[in-house]
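First up is the structure itself, then whatever we jot down about it.
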Amino acid sequence: RKLPRNVWLLTISQALMLSVSSMVVFVDGLVGSQFAPVANLATLPVASTVVGTAVAIPPVTLLMNTIGRRRSFFIIGFYSILVAFLASYAISISSFYLFCVSTFLFGVTYACVMQFRFASMESVSEELIPRAASMVLIGGIAAAFFGPEIAVLGKDILKVEFAGSFILLAGLFAIALLFLTGFKNPITQNAANESPQRPLKEIFKQRVFWVSILSATIGYAVMSFIMTATPVSMHVMEGHSLGHTKWVIQSHIVAMFLPSLITAWIIKKLGVSKMMITGLIAYVICIAIAFAGKHLGNYWVSLILLGVGWNFLFIGATTFLPQCYKPSERFRVQAVNDFVIFGTQAVASLSAGWFIFAVGWKILLLINLPFI
């Protein structure tokens, strides 16, 4: 069966708007290392985005519940363009803390993009949910290239390095808005409050809820902890070139989303649980390879495995989550789910900068094993 138009529009918009994520990971640590008052704060701009996402999830979800997904997407799209200009201005005046404020504000953008997967699943019948979730995440493949490429393309177009990159990012947001004009609110949007809602504590008693939320949370936290530290470890500490660092980050983000092409098939053959266990095994192998050496190949292979592991855990969790709630409960449960995920990821990102400088790359890797 064909996927509806909504899913394709959300996939394209995901490719454009999620570029903020790959660009933040690639640029912010480098900008931070130039402007930060102390070295340990170099990854603060990256962590600020994750903290901003965690803070933004409840109000963004409430906004969508109140005025609908379509209007919310438009409002946040225009807002994101303004924030991109603010980030450019902060870099142009070499203000580290204003830049951190702008990356914090990008959290609203990211919280909005994270709702694309739910909007796509609401637009299809139950048997198409795994395909719809996977398809939207495929947009991340393009985002893996768009973000770093426009970062490099815009690096020198203004007086201060990377200030122009965020002007180009604003352009991507504007193009995404054009595609979102064709998005229509799913039918469930109009019937959201028809059936009575259960208390959250009753929803929390379901085992499948905890399987979903914990697999996504651990998946995101481990991925973010290692990914945030990688550009600093590679470029700042080990002297790998900016080009090689970009290539590793791009490869990682492609690996996060490329498996989405086949995850619906994997779920059909193995089941969701076995796919998520495979993701955890990929994490362990990733850490073993990264621990073995600091050559370019070690970084590259380990970050690819980190991306694949995240994909299996996150899509598995996303597929499980709708089993936990009725249509009328979806916004509350989605808000709790994403708040826990990104709140934990915020802790991981915030601590990555401190750990990489305080205890080094190898100890940072080993810290993840108990959680896996």
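Ligands are numbered from 1 in the order shown, residues from 1 within each chain, and chains are lettered A, B, ... in the order they appear in the structure tokens.
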
Per-residue nearest contacts of segment 69-166 of chain A to segment 310-331 of chain A (12 Å; only C-alpha atoms) as JSON lines:
```
{"residue": "A:Arg69", "atom": "CA", "partner": "A:Phe331", "partner_atom": "CA", "distance": 10.9}
{"residue": "A:Met114", "atom": "CA", "partner": "A:Thr318", "partner_atom": "CA", "distance": 10.9}
{"residue": "A:Gln115", "atom": "CA", "partner": "A:Phe331", "partner_atom": "CA", "distance": 9.8}
{"residue": "A:Phe116", "atom": "CA", "partner": "A:Thr318", "partner_atom": "CA", "distance": 11.8}
{"residue": "A:Arg117", "atom": "CA", "partner": "A:Thr318", "partner_atom": "CA", "distance": 8.3}
{"residue": "A:Phe118", "atom": "CA", "partner": "A:Thr318", "partner_atom": "CA", "distance": 8.5}
{"residue": "A:Ala119", "atom": "CA", "partner": "A:Arg330", "partner_atom": "CA", "distance": 10.7}
{"residue": "A:Ser120", "atom": "CA", "partner": "A:Thr318", "partner_atom": "CA", "distance": 11.6}
{"residue": "A:Met121", "atom": "CA", "partner": "A:Pro322", "partner_atom": "CA", "distance": 8.9}
{"residue": "A:Glu122", "atom": "CA", "partner": "A:Pro327", "partner_atom": "CA", "distance": 8.9}
{"residue": "A:Glu126", "atom": "CA", "partner": "A:Pro322", "partner_atom": "CA", "distance": 9.5}
{"residue": "A:Glu127", "atom": "CA", "partner": "A:Thr319", "partner_atom": "CA", "distance": 10.8}
{"residue": "A:Leu128", "atom": "CA", "partner": "A:Thr319", "partner_atom": "CA", "distance": 10.4}
{"residue": "A:Ile129", "atom": "CA", "partner": "A:Thr319", "partner_atom": "CA", "distance": 7.0}
{"residue": "A:Pro130", "atom": "CA", "partner": "A:Thr319", "partner_atom": "CA", "distance": 6.0}
{"residue": "A:Arg131", "atom": "CA", "partner": "A:Thr319", "partner_atom": "CA", "distance": 9.6}
{"residue": "A:Ala132", "atom": "CA", "partner": "A:Thr319", "partner_atom": "CA", "distance": 9.8}
{"residue": "A:Ala133", "atom": "CA", "partner": "A:Ile315", "partner_atom": "CA", "distance": 7.1}
{"residue": "A:Ser134", "atom": "CA", "partner": "A:Ile315", "partner_atom": "CA", "distance": 7.0}
{"residue": "A:Met135", "atom": "CA", "partner": "A:Ile315", "partner_atom": "CA", "distance": 10.6}
{"residue": "A:Val136", "atom": "CA", "partner": "A:Ile315", "partner_atom": "CA", "distance": 10.7}
{"residue": "A:Leu137", "atom": "CA", "partner": "A:Ile315", "partner_atom": "CA", "distance": 8.7}
{"residue": "A:Ile138", "atom": "CA", "partner": "A:Asn311", "partner_atom": "CA", "distance": 10.4}
{"residue": "A:Gly140", "atom": "CA", "partner": "A:Asn311", "partner_atom": "CA", "distance": 10.9}
{"residue": "A:Ile141", "atom": "CA", "partner": "A:Asn311", "partner_atom": "CA", "distance": 11.8}
```

Name all residues at most 10 Å from His244 of chain A (count only C-alpha atoms; drop same-chain ones fewer than 2 positions away) and give them as a PyMOL selection string.
chain A and resi 231+234-235+240-242+246-250+296+299-300

Please identify every residue of segment 124-169 of chain A that has at least one atom no farther than 10 Å from an atom of segment 24-47 of chain A, counting only C-alpha atoms, and for each give the shortest atom pair and the distance in Å to one decimal, arranged by chain then increasing number, as a tab-separated table.
```
residue	atom	partner	partner_atom	distance
A:Gly147	CA	A:Val24	CA	8.0
A:Pro148	CA	A:Phe26	CA	6.3
A:Glu149	CA	A:Phe26	CA	9.9
A:Ala151	CA	A:Val27	CA	7.0
A:Val152	CA	A:Val27	CA	9.0
A:Lys155	CA	A:Val27	CA	9.6
A:Glu161	CA	A:Val31	CA	8.4
A:Phe162	CA	A:Val27	CA	7.6
A:Ala163	CA	A:Val31	CA	9.8
A:Ser165	CA	A:Val27	CA	9.1
A:Phe166	CA	A:Val24	CA	9.9
```

With N, CA, C and O atoms retained, export the selected residues as a compact mmCIF listing (two decimals), in the first residue's frame.
```txt
# COMPACT_ATOMS: atom_id res chain seq x y z
N GLY A 147 23.33 19.71 6.73
CA GLY A 147 23.84 20.49 7.85
C GLY A 147 25.33 20.80 7.74
O GLY A 147 25.73 21.96 7.67
N PRO A 148 26.20 19.77 7.72
CA PRO A 148 27.64 20.04 7.61
C PRO A 148 28.04 20.73 6.31
O PRO A 148 28.95 21.56 6.29
N GLU A 149 27.35 20.40 5.20
CA GLU A 149 27.72 21.01 3.92
C GLU A 149 27.43 22.51 3.91
O GLU A 149 28.25 23.30 3.44
N ALA A 151 27.28 24.30 6.52
CA ALA A 151 28.21 24.87 7.50
C ALA A 151 29.53 25.24 6.83
O ALA A 151 30.06 26.34 7.02
N VAL A 152 30.05 24.32 6.01
CA VAL A 152 31.31 24.58 5.31
C VAL A 152 31.11 25.61 4.20
O VAL A 152 31.93 26.51 4.01
N LYS A 155 30.85 29.02 5.75
CA LYS A 155 31.90 29.30 6.75
C LYS A 155 32.57 30.65 6.54
O LYS A 155 32.82 31.40 7.49
N GLU A 161 34.07 33.40 10.91
CA GLU A 161 33.83 32.03 10.47
C GLU A 161 32.52 31.46 11.03
O GLU A 161 32.22 31.63 12.21
N PHE A 162 31.77 30.81 10.16
CA PHE A 162 30.52 30.10 10.46
C PHE A 162 29.31 31.02 10.68
O PHE A 162 28.20 30.52 10.81
N ALA A 163 29.48 32.34 10.72
CA ALA A 163 28.33 33.22 10.86
C ALA A 163 27.39 33.07 9.66
O ALA A 163 26.16 33.06 9.80
N SER A 165 26.99 30.45 7.89
CA SER A 165 26.40 29.11 7.85
C SER A 165 24.97 29.13 8.36
O SER A 165 24.09 28.43 7.85
N PHE A 166 24.72 29.94 9.38
CA PHE A 166 23.38 29.98 9.96
C PHE A 166 22.40 30.79 9.10
O PHE A 166 21.18 30.59 9.21
```

So what do you get for atom CA of Asn337 of chain A versus atom CA of Val50 of chain A, distance-wise?
14.9 Å

Shortest interatomic distance to Ile12 of chain A - which of A:Ala352, A:Ala143, A:Ile267, A:Val333, counting only C-alpha atoms
A:Ala143

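Atom to atom, atom CA of Ser125 of chain A and atom CA of Ser215 of chain A stand 24.4 Å apart.
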
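Distances from A:Thr103, A:Ile57, A:Phe173, A:Lys2 to Ser80 of chain A were compared using only C-alpha atoms, and the smallest one belongs to A:Phe173.
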
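When only C-alpha atoms are used to compute distances to Ala87 of chain A, the closest of the residues A:Ile372, A:Val20, A:Val222, A:Ile157 turns out to be A:Val20.
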